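File shown: run-v1.tsv (TSV, C-alpha atoms and all ligand atoms).
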chain	number	residue	atom	x	y	z
Z	498	MET	CA	44.02	-36.37	177.15
Z	499	LEU	CA	47.51	-35.72	178.33
Z	500	GLN	CA	48.76	-36.01	174.78
Z	501	LEU	CA	46.17	-33.47	173.66
Z	502	ASP	CA	47.10	-31.03	176.41
Z	503	GLU	CA	50.77	-31.42	175.59
Z	504	MET	CA	50.10	-30.82	171.91
Z	505	LEU	CA	47.98	-27.72	172.61
Z	506	LYS	CA	50.65	-26.24	174.84
Z	507	ASN	CA	53.36	-26.72	172.21
Z	508	ALA	CA	51.09	-25.41	169.49
Z	509	GLU	CA	50.20	-22.34	171.49
Z	510	SER	CA	53.82	-21.34	172.03
Z	511	GLU	CA	54.84	-22.14	168.43
Z	512	ILE	CA	51.92	-20.29	166.89
Z	513	SER	CA	52.35	-17.23	169.08
Z	514	SER	CA	56.02	-16.97	168.16
Z	515	ALA	CA	55.35	-17.30	164.39
Z	516	SER	CA	56.22	-14.01	162.76
Z	517	HIS	CA	54.98	-14.53	159.21
Z	518	MET	CA	52.24	-16.28	157.26
Z	519	LYS	CA	54.51	-18.88	155.79
Z	520	ARG	CA	55.34	-20.16	159.24
Z	521	ILE	CA	51.61	-20.30	160.08
Z	522	GLU	CA	51.03	-22.46	157.00
Z	523	GLU	CA	53.83	-24.77	158.08
Z	524	LEU	CA	52.34	-25.07	161.56
Z	525	LYS	CA	48.88	-25.80	160.15
Z	526	VAL	CA	50.34	-28.73	158.25
Z	527	GLN	CA	52.27	-29.81	161.29
Z	528	TYR	CA	49.20	-29.86	163.56
Z	529	LEU	CA	46.12	-30.22	161.38
Z	530	GLY	CA	47.54	-31.83	158.23
Z	531	LYS	CA	46.84	-35.41	157.08
Z	532	LYS	CA	49.95	-36.56	158.88
Z	533	GLY	CA	49.67	-33.84	161.49
Z	534	GLU	CA	49.84	-34.33	165.25
Z	535	LEU	CA	46.10	-34.10	165.89
Z	536	THR	CA	45.40	-36.69	163.23
Z	537	GLN	CA	47.96	-39.00	164.78
Z	538	ILE	CA	46.25	-38.68	168.18
Z	539	LEU	CA	42.82	-39.33	166.65
Z	540	ARG	CA	44.16	-42.45	164.99
Z	541	SER	CA	45.63	-43.72	168.22
Z	542	MET	CA	42.12	-43.53	169.80
Z	543	SER	CA	41.10	-46.72	168.05
Z	544	SER	CA	43.11	-48.51	170.70
Z	545	LEU	CA	41.01	-47.02	173.55
Z	546	ASN	CA	38.26	-48.84	175.37
Z	547	PRO	CA	34.93	-48.23	173.64
Z	548	GLU	CA	33.53	-46.50	176.76
Z	549	ASP	CA	36.40	-44.00	176.83
Z	550	ARG	CA	36.07	-43.11	173.18
Z	551	PRO	CA	33.24	-40.50	173.32
Z	552	ALA	CA	35.01	-38.37	175.91
Z	553	ALA	CA	38.28	-38.64	174.01
Z	554	GLY	CA	36.52	-37.74	170.76
Z	555	LYS	CA	34.97	-34.70	172.37
Z	556	ALA	CA	38.31	-33.59	173.79
Z	557	ALA	CA	39.93	-34.04	170.35
Z	558	ASN	CA	37.25	-31.89	168.72
Z	559	GLU	CA	37.70	-29.21	171.33
Z	560	ALA	CA	41.43	-29.32	170.72
Z	561	ARG	CA	40.82	-28.86	166.97
Z	562	GLU	CA	38.58	-25.87	167.74
Z	563	LYS	CA	41.22	-24.36	169.97
Z	564	LEU	CA	43.88	-24.85	167.29
Z	565	ASN	CA	41.67	-23.15	164.73
Z	566	VAL	CA	41.14	-20.18	167.04
Z	567	LEU	CA	44.88	-19.96	167.74
Z	568	PHE	CA	45.65	-19.94	164.05
Z	569	GLU	CA	42.94	-17.40	163.28
Z	570	ASN	CA	44.18	-14.99	165.93
Z	571	ALA	CA	47.78	-15.39	164.88
Z	572	GLU	CA	46.86	-14.69	161.24
Z	573	LYS	CA	44.97	-11.58	162.26
Z	574	ILE	CA	47.90	-10.29	164.29
Z	575	ILE	CA	50.39	-10.98	161.54
Z	576	SER	CA	48.33	-9.35	158.81
Z	577	ASN	CA	47.64	-6.29	160.99
Z	578	ARG	CA	51.30	-5.93	161.71
Z	579	PHE	CA	52.10	-6.31	158.00
Z	580	ILE	CA	49.64	-3.51	157.10
Z	581	ALA	CA	50.97	-1.28	159.87
Z	582	GLU	CA	54.54	-1.80	158.73
Z	583	ARG	CA	53.65	-1.03	155.14
Z	584	LEU	CA	51.75	2.10	156.08
Z	585	ASP	CA	54.71	3.21	158.11
Z	586	LYS	CA	57.25	2.44	155.37
Z	587	GLU	CA	55.21	4.07	152.61
Z	588	ARG	CA	54.25	7.06	154.64
Z	589	LEU	CA	53.25	9.93	152.38
Z	590	ASP	CA	53.58	13.46	153.62
Z	591	VAL	CA	51.14	15.37	151.48
Z	592	THR	CA	52.33	18.65	152.96
Z	593	MET	CA	55.87	18.14	151.66
Z	594	PRO	CA	56.89	20.64	148.96
Z	595	GLY	CA	56.66	19.05	145.47
Z	596	LYS	CA	59.63	18.29	143.26
Z	597	LYS	CA	60.05	21.12	140.79
Z	598	HIS	CA	59.78	19.94	137.22
Z	599	VAL	CA	62.46	21.87	135.36
Z	600	ILE	CA	61.36	22.80	131.88
Z	601	GLY	CA	64.11	23.91	129.51
Z	602	HIS	CA	63.84	26.62	126.93
Z	603	THR	CA	64.83	27.11	123.34
Z	604	HIS	CA	68.50	27.55	122.48
Z	605	PRO	CA	69.60	31.17	121.94
Z	606	LEU	CA	70.17	30.44	118.23
Z	607	THR	CA	66.64	29.07	117.91
Z	608	GLN	CA	65.30	32.09	119.78
Z	609	VAL	CA	66.95	34.42	117.27
Z	610	ILE	CA	65.76	32.39	114.28
Z	611	ARG	CA	62.16	32.35	115.60
Z	612	LYS	CA	62.25	36.09	116.26
Z	613	ILE	CA	63.49	36.76	112.72
Z	614	GLU	CA	60.81	34.43	111.33
Z	615	ASP	CA	58.15	36.30	113.31
Z	616	ILE	CA	59.29	39.66	111.98
Z	617	PHE	CA	59.22	38.54	108.35
Z	618	ILE	CA	56.02	36.54	108.64
Z	619	GLY	CA	54.53	39.80	109.90
Z	620	LEU	CA	55.72	41.42	106.67
Z	621	GLY	CA	53.98	38.77	104.55
Z	622	TYR	CA	56.99	36.58	103.84
Z	623	GLN	CA	56.79	32.80	103.65
Z	624	ILE	CA	59.31	30.37	105.14
Z	625	ALA	CA	61.19	28.33	102.53
Z	626	GLU	CA	63.49	25.35	103.00
Z	627	GLY	CA	66.21	23.68	101.00
Z	628	PRO	CA	68.58	20.72	101.34
Z	629	GLU	CA	71.83	20.93	103.27
Z	630	ILE	CA	73.38	18.42	100.88
Z	631	GLU	CA	73.28	20.60	97.81
Z	632	SER	CA	74.48	20.51	94.22
Z	633	VAL	CA	77.27	22.69	92.83
Z	634	HIS	CA	74.62	23.75	90.33
Z	635	TYR	CA	72.39	25.41	92.96
Z	636	ASN	CA	75.07	26.42	95.47
Z	637	PHE	CA	77.21	28.20	92.87
Z	638	ASP	CA	76.26	27.99	89.20
Z	639	GLN	CA	72.67	29.19	89.32
Z	640	LEU	CA	73.89	32.02	91.52
Z	641	ASN	CA	76.17	33.40	88.83
Z	642	THR	CA	79.32	32.35	90.67
Z	643	PRO	CA	82.34	32.53	88.34
Z	644	GLU	CA	84.45	29.38	87.93
Z	645	ASN	CA	87.42	31.00	89.69
Z	646	HIS	CA	85.52	32.39	92.69
Z	647	PRO	CA	87.41	31.64	95.94
Z	648	SER	CA	84.31	30.25	97.65
Z	649	LYS	CA	84.35	27.35	95.15
Z	650	ASP	CA	87.78	26.32	96.34
Z	651	GLU	CA	88.07	22.93	98.01
Z	652	GLN	CA	89.85	24.70	100.85
Z	653	ASP	CA	86.64	26.48	101.74
Z	654	THR	CA	83.91	24.05	100.75
Z	655	PHE	CA	83.10	20.49	101.81
Z	656	TYR	CA	82.65	18.59	98.55
Z	657	PHE	CA	81.31	15.04	98.33
Z	658	ASN	CA	82.36	14.92	94.69
Z	659	ALA	CA	82.51	17.26	91.69
Z	660	GLU	CA	78.71	17.80	91.72
Z	661	THR	CA	77.67	17.56	95.35
Z	662	LEU	CA	78.63	19.51	98.46
Z	663	LEU	CA	77.43	20.68	101.84
Z	664	ARG	CA	75.82	24.02	101.08
Z	665	THR	CA	78.09	26.92	101.98
Z	666	GLN	CA	75.21	29.39	102.16
Z	667	THR	CA	71.40	29.44	102.19
Z	668	SER	CA	71.44	31.37	98.88
Z	669	PRO	CA	70.81	28.24	96.74
Z	670	VAL	CA	67.29	28.23	98.18
Z	671	GLN	CA	66.76	31.49	96.23
Z	672	ALA	CA	67.31	29.65	92.96
Z	673	ARG	CA	65.16	26.68	94.02
Z	674	VAL	CA	62.29	28.99	95.00
Z	675	MET	CA	62.52	31.12	91.83
Z	676	GLU	CA	62.50	28.05	89.58
Z	677	LYS	CA	59.30	26.78	91.17
Z	678	ASN	CA	57.40	30.02	91.79
Z	679	ARG	CA	56.49	33.09	89.77
Z	680	PRO	CA	56.74	36.60	91.25
Z	681	PRO	CA	55.65	38.12	93.51
Z	682	ILE	CA	58.05	36.13	95.70
Z	683	ARG	CA	58.68	36.97	99.35
Z	684	ILE	CA	60.53	34.30	101.31
Z	685	ILE	CA	63.00	33.82	104.07
Z	686	CYS	CA	64.95	30.63	104.59
Z	687	PRO	CA	66.65	29.88	107.89
Z	688	GLY	CA	69.10	26.99	107.80
Z	689	ARG	CA	72.40	25.37	108.53
Z	690	VAL	CA	75.43	25.94	106.31
Z	691	TYR	CA	78.92	24.45	106.20
Z	692	ARG	CA	82.38	25.80	105.49
Z	693	SER	CA	85.81	24.33	105.91
Z	694	ASP	CA	86.82	26.83	108.60
Z	695	GLU	CA	89.00	26.34	111.66
Z	696	VAL	CA	87.05	26.72	114.90
Z	697	ASP	CA	87.75	29.92	116.81
Z	698	ALA	CA	85.82	32.58	118.71
Z	699	THR	CA	84.08	33.78	115.53
Z	700	HIS	CA	84.25	30.76	113.19
Z	701	SER	CA	82.67	27.34	113.10
Z	702	PRO	CA	82.49	24.82	110.23
Z	703	ILE	CA	78.74	24.61	110.85
Z	704	PHE	CA	76.72	27.74	111.33
Z	705	HIS	CA	73.34	29.22	110.49
Z	706	GLN	CA	72.06	31.79	108.06
Z	707	VAL	CA	68.74	33.34	107.24
Z	708	GLU	CA	68.29	34.04	103.56
Z	709	ALA	CA	65.71	36.51	102.27
Z	710	LEU	CA	64.45	37.02	98.74
Z	711	VAL	CA	61.91	39.40	97.29
Z	712	VAL	CA	61.10	39.44	93.57
Z	713	ASP	CA	58.38	41.53	92.01
Z	714	LYS	CA	57.87	44.39	89.57
Z	715	ASN	CA	59.58	47.66	90.55
Z	716	ILE	CA	61.59	46.33	93.48
Z	717	THR	CA	64.41	48.78	94.22
Z	718	MET	CA	67.33	49.30	96.54
Z	719	GLY	CA	64.99	51.63	98.47
Z	720	ASN	CA	62.77	48.63	99.31
Z	721	LEU	CA	65.82	46.69	100.47
Z	722	ILE	CA	67.05	49.48	102.73
Z	723	ALA	CA	63.60	50.16	104.17
Z	724	THR	CA	63.14	46.45	104.90
Z	725	LEU	CA	66.55	46.15	106.55
Z	726	LYS	CA	65.93	49.25	108.69
Z	727	LEU	CA	62.59	47.98	109.87
Z	728	PHE	CA	64.04	44.56	110.55
Z	729	ALA	CA	67.03	45.94	112.49
Z	730	LYS	CA	64.79	48.12	114.67
Z	731	GLU	CA	62.46	45.19	115.39
Z	732	LEU	CA	65.32	42.88	116.32
Z	733	PHE	CA	67.76	45.21	118.10
Z	734	GLY	CA	65.57	48.07	119.25
Z	735	GLU	CA	64.01	51.27	117.94
Z	736	SER	CA	67.18	53.37	118.10
Z	737	THR	CA	69.13	50.98	115.85
Z	738	GLU	CA	70.67	52.41	112.67
Z	739	ILE	CA	71.99	50.46	109.71
Z	740	ARG	CA	75.02	51.11	107.53
Z	741	LEU	CA	75.66	49.74	104.05
Z	742	ARG	CA	79.18	49.29	102.74
Z	743	PRO	CA	79.73	48.49	99.05
Z	744	HIS	CA	80.77	44.88	98.55
Z	745	TYR	CA	80.83	42.15	95.93
Z	746	PHE	CA	78.65	39.06	95.74
Z	747	PRO	CA	78.30	37.15	92.47
Z	748	PHE	CA	74.50	36.93	92.79
Z	749	THR	CA	73.72	40.59	93.51
Z	750	GLU	CA	74.46	43.85	91.75
Z	751	PRO	CA	74.93	46.22	93.44
Z	752	SER	CA	75.96	44.41	96.61
Z	753	ALA	CA	76.55	45.60	100.14
Z	754	GLU	CA	77.64	44.42	103.52
Z	755	VAL	CA	75.24	45.64	106.16
Z	756	ASP	CA	76.10	46.66	109.71
Z	757	VAL	CA	73.76	47.56	112.56
Z	758	SER	CA	74.65	50.16	115.17
Z	759	CYS	CA	75.73	48.48	118.38
Z	760	TRP	CA	72.68	48.07	120.60
Z	761	VAL	CA	74.82	48.31	123.75
Z	762	CYS	CA	76.73	51.57	123.14
Z	763	LYS	CA	74.42	53.00	120.44
Z	764	GLY	CA	77.36	53.44	118.07
Z	765	LYS	CA	79.86	54.98	120.48
Z	766	GLY	CA	82.12	51.95	120.73
Z	767	CYS	CA	82.25	49.23	123.40
Z	768	PRO	CA	83.51	45.65	123.91
Z	769	VAL	CA	80.40	44.13	122.29
Z	770	CYS	CA	81.08	45.92	118.95
Z	771	LYS	CA	84.85	45.82	119.50
Z	772	ASN	CA	84.87	49.61	119.55
Z	773	GLU	CA	83.49	49.79	116.02
Z	774	GLY	CA	80.13	51.23	117.00
Z	775	PHE	CA	78.65	48.93	114.33
Z	776	ILE	CA	78.34	45.17	113.96
Z	777	GLU	CA	78.29	43.43	110.57
Z	778	ILE	CA	75.42	40.99	110.38
Z	779	LEU	CA	74.51	40.40	106.75
Z	780	GLY	CA	75.25	40.62	103.04
Z	781	ALA	CA	72.67	42.01	100.68
Z	782	GLY	CA	72.01	43.40	97.24
Z	783	MET	CA	69.79	43.58	94.18
Z	784	VAL	CA	69.36	40.15	92.59
Z	785	HIS	CA	71.71	39.91	89.61
Z	786	PRO	CA	69.86	39.79	86.26
Z	787	ASN	CA	71.78	36.61	85.38
Z	788	VAL	CA	70.35	34.88	88.48
Z	789	LEU	CA	66.80	35.87	87.55
Z	790	ARG	CA	67.39	34.69	83.98
Z	791	ASN	CA	68.94	31.38	85.14
Z	792	CYS	CA	65.73	30.71	87.04
Z	793	GLY	CA	63.38	31.63	84.20
Z	794	ILE	CA	62.38	35.10	85.41
Z	795	ASP	CA	62.62	37.98	82.93
Z	796	PRO	CA	64.92	40.69	84.41
Z	797	ASP	CA	63.38	43.28	82.06
Z	798	ILE	CA	60.05	42.85	83.84
Z	799	TYR	CA	61.05	41.84	87.36
Z	800	SER	CA	63.67	42.88	89.85
Z	801	GLY	CA	64.46	41.73	93.35
Z	802	PHE	CA	66.53	42.11	96.45
Z	803	ALA	CA	68.12	39.49	98.63
Z	804	PHE	CA	70.14	39.21	101.75
Z	805	GLY	CA	71.81	36.59	103.85
Z	806	LEU	CA	72.20	37.04	107.58
Z	807	GLY	CA	74.59	35.26	109.93
Z	808	VAL	CA	72.54	33.88	112.84
Z	809	GLU	CA	75.47	33.21	115.21
Z	810	ARG	CA	76.77	36.72	114.72
Z	811	THR	CA	73.34	38.16	115.31
Z	812	ALA	CA	72.77	36.05	118.41
Z	813	MET	CA	76.16	37.12	119.76
Z	814	ALA	CA	75.19	40.75	119.20
Z	815	VAL	CA	71.70	40.34	120.68
Z	816	PHE	CA	72.88	38.52	123.80
Z	817	GLY	CA	76.35	40.08	124.16
Z	818	ILE	CA	78.18	36.75	123.71
Z	819	ASN	CA	81.86	37.08	122.82
Z	820	ASP	CA	82.75	33.53	121.83
Z	821	LEU	CA	80.76	31.58	119.26
Z	822	ARG	CA	81.96	28.24	120.64
Z	823	LEU	CA	79.86	28.79	123.76
Z	824	LEU	CA	76.75	28.37	121.59
Z	825	TYR	CA	77.70	24.78	120.77
Z	826	GLU	CA	79.05	23.46	124.06
Z	827	ASN	CA	75.62	22.80	125.59
Z	828	ASP	CA	76.79	23.95	128.98
Z	829	MET	CA	73.61	24.56	130.98
Z	830	ARG	CA	75.33	27.22	133.09
Z	831	PHE	CA	75.79	29.20	129.89
Z	832	LEU	CA	72.55	28.38	128.09
Z	833	SER	CA	70.25	28.98	131.04
Z	834	GLN	CA	71.21	32.67	131.01
Z	835	PHE	CA	69.28	33.36	127.83
V	901	LIG	N1	75.40	34.07	100.71
V	901	LIG	C1	76.21	35.15	101.21
V	901	LIG	C2	77.26	34.58	102.15
V	901	LIG	O1	77.11	33.50	102.62
V	901	LIG	C3	75.39	36.16	101.96
V	901	LIG	C4	74.49	36.94	101.00
V	901	LIG	C5	74.93	38.09	100.46
V	901	LIG	C6	73.24	36.46	100.70
V	901	LIG	C7	74.14	38.82	99.60
V	901	LIG	C8	72.43	37.18	99.85
V	901	LIG	C9	72.90	38.37	99.31
V	901	LIG	O2	71.21	36.79	99.52
V	901	LIG	O3	72.09	39.07	98.49
V	901	LIG	O4	78.24	35.24	102.41

Could you write out this file's structure as structure tokens?
Amino acid sequence: MLQLDEMLKNAESEISSASHMKRIEELKVQYLGKKGELTQILRSMSSLNPEDRPAAGKAANEAREKLNVLFENAEKIISNRFIAERLDKERLDVTMPGKKHVIGHTHPLTQVIRKIEDIFIGLGYQIAEGPEIESVHYNFDQLNTPENHPSKDEQDTFYFNAETLLRTQTSPVQARVMEKNRPPIRIICPGRVYRSDEVDATHSPIFHQVEALVVDKNITMGNLIATLKLFAKELFGESTEIRLRPHYFPFTEPSAEVDVSCWVCKGKGCPVCKNEGFIEILGAGMVHPNVLRNCGIDPDIYSGFAFGLGVERTAMAVFGINDLRLLYENDMRFLSQF
């Protein structure tokens, strides 16, 4: 009996000071296990007088009951505390303001390209594409470029070998489209082009153009000018004027460089247009008969106009950006303004 009381007292203090379930399991083994203290005491009863055994047995059973209750209570307390601690640690304040999910937006160059696409899709044009790794045949020869033209020079063009290069312009797409399609043709082709230029505020070895080509019966310079006017007004605003200056391109005759009146100063002169009042954005002209012929289109029946627009230049004019390099630096402080 004394042994049992002693054991219960020890067990009570050990169980009540157990702070986690693992300790409870250990104590269960220690007291109730096969080699546990209660078992030892039960075994030692065989040495008692037979008349003392029933009372001792009863006391041992009561002790077992008490142990079970002690363990049960301790487990309850520990698991309650565990839940309370977890609830406290993982407290969720549903009234807290949410984390703002920052969604980016398209790059200013992409914005300009999409806007141009929208304008021309509205005019019934289709979007064409061509490879950036291009042949000399399409980049120059089909476009009536003479052998001695400066643009063919290795100083200006990235050649892979004598036949293959990185396209210097989107114009080769004109030839590819004309070879595959019969007039009427109305396409624009936005894309990346490459030239061996030093990087500065207005030059980059990689830049973007949008090419346009229209071929049909009775296409005239008047159609070209009307299209450019409409386009310039859509892109830069209703008050925009255009100006054509005679120029030379191998694939057009006649050819022109085309300026738009500065959308900031309306032609008066300001920092955006460098006091010119106008900003050059594209080259244009009537498709040269040799180009039509090269692509299997009869220049006695069909005529066409074409132009090629510099996207960086246009974006700089639209957004009032004065250094082209900013467009490629991916500085969020810059890009998020547009
Ligand atoms: N490909 C010319 C360039 O990169 C731009 C150009 C001029 C395209 C006249 C044309 C055009 O389609 O008709 O400088």

Selected residue of minimal separation from ligand LIG 901 (chain V) among Z:Glu735, Z:Glu708, Z:Glu562, Z:Asp820, counting only C-alpha atoms and all ligand atoms:
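Among the listed residues, the smallest separation from ligand LIG 901 (chain V) belongs to Z:Glu708.
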
Show me a table, sorted first by chain and then by increasing residue number, of the residues of stretch 730-813 of chain Z having an atom at most 12 Å from stretch 697-701 of chain Z, each with its shortest atom pair and the distance in Å to one decimal, counting all atoms listed in the file and written as a tab-separated table.
residue	atom	partner	partner_atom	distance
Z:Gly807	CA	Z:Thr699	CA	11.1
Z:Val808	CA	Z:Thr699	CA	11.8
Z:Glu809	CA	Z:Thr699	CA	8.6
Z:Arg810	CA	Z:Thr699	CA	7.9
Z:Thr811	CA	Z:Thr699	CA	11.6
Z:Ala812	CA	Z:Thr699	CA	11.9
Z:Met813	CA	Z:Thr699	CA	9.6

Write out, as a tab-separated table, each residue of chain Z that has an atom at most 6 Å from ligand LIG 901 (chain V), together with the closest pair of atoms and their distance in Å to one decimal, counting all atoms listed in the file, rows going by chain and rising number.
residue	atom	partner	partner_atom	distance
Z:Gln666	CA	V:LIG901	O1	4.6
Z:Ser668	CA	V:LIG901	N1	5.1
Z:Glu708	CA	V:LIG901	O2	5.7
Z:Phe746	CA	V:LIG901	C7	5.9
Z:Thr749	CA	V:LIG901	O3	5.5
Z:Gly780	CA	V:LIG901	C5	3.6
Z:Ala781	CA	V:LIG901	C7	3.7
Z:Gly782	CA	V:LIG901	O3	4.5
Z:Ala803	CA	V:LIG901	O3	4.0
Z:Phe804	CA	V:LIG901	O2	3.5
Z:Gly805	CA	V:LIG901	C6	3.5

Report as a PyMOL selection string all protein, DNA and RNA residues lying within 12 Å of stretch 611-622 of chain Z, evaluated on all atoms listed in the file, omitting residues in the same chain fewer than 6 positions from it.
chain Z and resi 603-605+681-688+706-712+724-725+727-733+806-808+811-812+815

Between Z:Asn546, Z:Leu741, Z:Asn565, Z:Leu663, which has the minimum distance to Z:Ile703 (counting all atoms listed in the file)?
Z:Leu663

Mind checking which residues fall within 12 Å of Z:Leu499, counting all atoms listed in the file, ignoring those fewer than 2 positions away in the same chain, and posting them as a PyMOL selection string?
chain Z and resi 501-506+538+553+556-557+560

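Counting only C-alpha atoms, Z:Arg790 has the following residues at most 12 Å away, ignoring those fewer than 6 positions along the same chain: Gln639, Leu640, Asn641, Ala672, Met675, Glu676, Phe748, Val784, Pro796, Asp797, Ile798, Tyr799 and Ser800 of chain Z.
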
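If only C-alpha atoms are the atoms counted, then among Z:Lys519, Z:His646, Z:Lys555, Z:Arg830 the closest residue to Z:Ile575 is Z:Lys519.
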
To one decimal in Å, tell me the separation between atom CA of Z:Asn819 and atom CA of Z:Gly764.
17.6 Å

May I ask which of the residues Z:Gly801, Z:His785, Z:Val761, Z:Glu559 is the closest one to Z:Gly817, counting all atoms listed in the file?
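Selected residue with least distance to Z:Gly817: Z:Val761.
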
In Å, how far is it from atom CA of Z:Thr654 to atom CA of Z:Arg692?
5.3 Å

Because some atoms of stretch 659-666 of chain Z are absent here, can you restore all heavy atoms and send them as an mmCIF file, in the coordinates of the input?
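See rebuild06.cif below for the written result:
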data_model
loop_
_atom_site.group_PDB
_atom_site.id
_atom_site.type_symbol
_atom_site.label_atom_id
_atom_site.label_comp_id
_atom_site.auth_asym_id
_atom_site.auth_seq_id
_atom_site.Cartn_x
_atom_site.Cartn_y
_atom_site.Cartn_z
ATOM 1 N N ALA Z 659 82.468 16.058 92.537
ATOM 2 C CA ALA Z 659 82.510 17.260 91.690
ATOM 3 C C ALA Z 659 81.142 17.952 91.600
ATOM 4 O O ALA Z 659 81.076 19.148 91.301
ATOM 5 C CB ALA Z 659 83.012 16.904 90.298
ATOM 6 N N GLU Z 660 80.047 17.196 91.864
ATOM 7 C CA GLU Z 660 78.710 17.800 91.720
ATOM 8 C C GLU Z 660 78.012 18.116 93.033
ATOM 9 O O GLU Z 660 77.051 18.875 93.058
ATOM 10 C CB GLU Z 660 77.766 16.878 90.926
ATOM 11 C CG GLU Z 660 78.029 16.784 89.440
ATOM 12 C CD GLU Z 660 78.900 15.586 89.119
ATOM 13 O OE1 GLU Z 660 78.588 14.489 89.631
ATOM 14 O OE2 GLU Z 660 79.897 15.739 88.387
ATOM 15 N N THR Z 661 78.448 17.485 94.117
ATOM 16 C CA THR Z 661 77.670 17.560 95.350
ATOM 17 C C THR Z 661 78.522 18.076 96.508
ATOM 18 O O THR Z 661 79.690 17.712 96.633
ATOM 19 C CB THR Z 661 77.121 16.161 95.720
ATOM 20 O OG1 THR Z 661 76.629 15.557 94.532
ATOM 21 C CG2 THR Z 661 76.003 16.255 96.734
ATOM 22 N N LEU Z 662 77.901 18.885 97.351
ATOM 23 C CA LEU Z 662 78.630 19.510 98.460
ATOM 24 C C LEU Z 662 77.683 19.762 99.626
ATOM 25 O O LEU Z 662 76.478 19.574 99.510
ATOM 26 C CB LEU Z 662 79.266 20.820 97.993
ATOM 27 C CG LEU Z 662 78.433 21.781 97.136
ATOM 28 C CD1 LEU Z 662 77.288 22.414 97.882
ATOM 29 C CD2 LEU Z 662 79.325 22.874 96.561
ATOM 30 N N LEU Z 663 78.246 20.154 100.748
ATOM 31 C CA LEU Z 663 77.430 20.680 101.840
ATOM 32 C C LEU Z 663 77.261 22.160 101.560
ATOM 33 O O LEU Z 663 78.253 22.860 101.367
ATOM 34 C CB LEU Z 663 78.135 20.469 103.187
ATOM 35 C CG LEU Z 663 78.143 19.042 103.718
ATOM 36 C CD1 LEU Z 663 79.037 18.933 104.952
ATOM 37 C CD2 LEU Z 663 76.723 18.590 104.062
ATOM 38 N N ARG Z 664 76.017 22.640 101.507
ATOM 39 C CA ARG Z 664 75.820 24.020 101.080
ATOM 40 C C ARG Z 664 76.649 24.985 101.940
ATOM 41 O O ARG Z 664 76.730 24.822 103.162
ATOM 42 C CB ARG Z 664 74.341 24.390 101.101
ATOM 43 C CG ARG Z 664 73.727 24.474 102.477
ATOM 44 C CD ARG Z 664 72.270 24.903 102.391
ATOM 45 N NE ARG Z 664 71.656 24.913 103.712
ATOM 46 C CZ ARG Z 664 70.356 24.991 103.931
ATOM 47 N NH1 ARG Z 664 69.505 25.065 102.922
ATOM 48 N NH2 ARG Z 664 69.897 25.009 105.162
ATOM 49 N N THR Z 665 77.247 25.955 101.286
ATOM 50 C CA THR Z 665 78.090 26.920 101.980
ATOM 51 C C THR Z 665 77.292 28.151 102.383
ATOM 52 O O THR Z 665 77.796 29.039 103.054
ATOM 53 C CB THR Z 665 79.240 27.373 101.073
ATOM 54 O OG1 THR Z 665 78.678 28.018 99.911
ATOM 55 C CG2 THR Z 665 80.073 26.191 100.617
ATOM 56 N N GLN Z 666 76.061 28.222 101.907
ATOM 57 C CA GLN Z 666 75.210 29.390 102.160
ATOM 58 C C GLN Z 666 73.758 28.961 101.940
ATOM 59 O O GLN Z 666 73.484 27.920 101.338
ATOM 60 C CB GLN Z 666 75.576 30.507 101.177
ATOM 61 C CG GLN Z 666 75.665 30.024 99.728
ATOM 62 C CD GLN Z 666 76.230 31.061 98.760
ATOM 63 O OE1 GLN Z 666 76.535 32.168 99.155
ATOM 64 N NE2 GLN Z 666 76.358 30.686 97.495
#
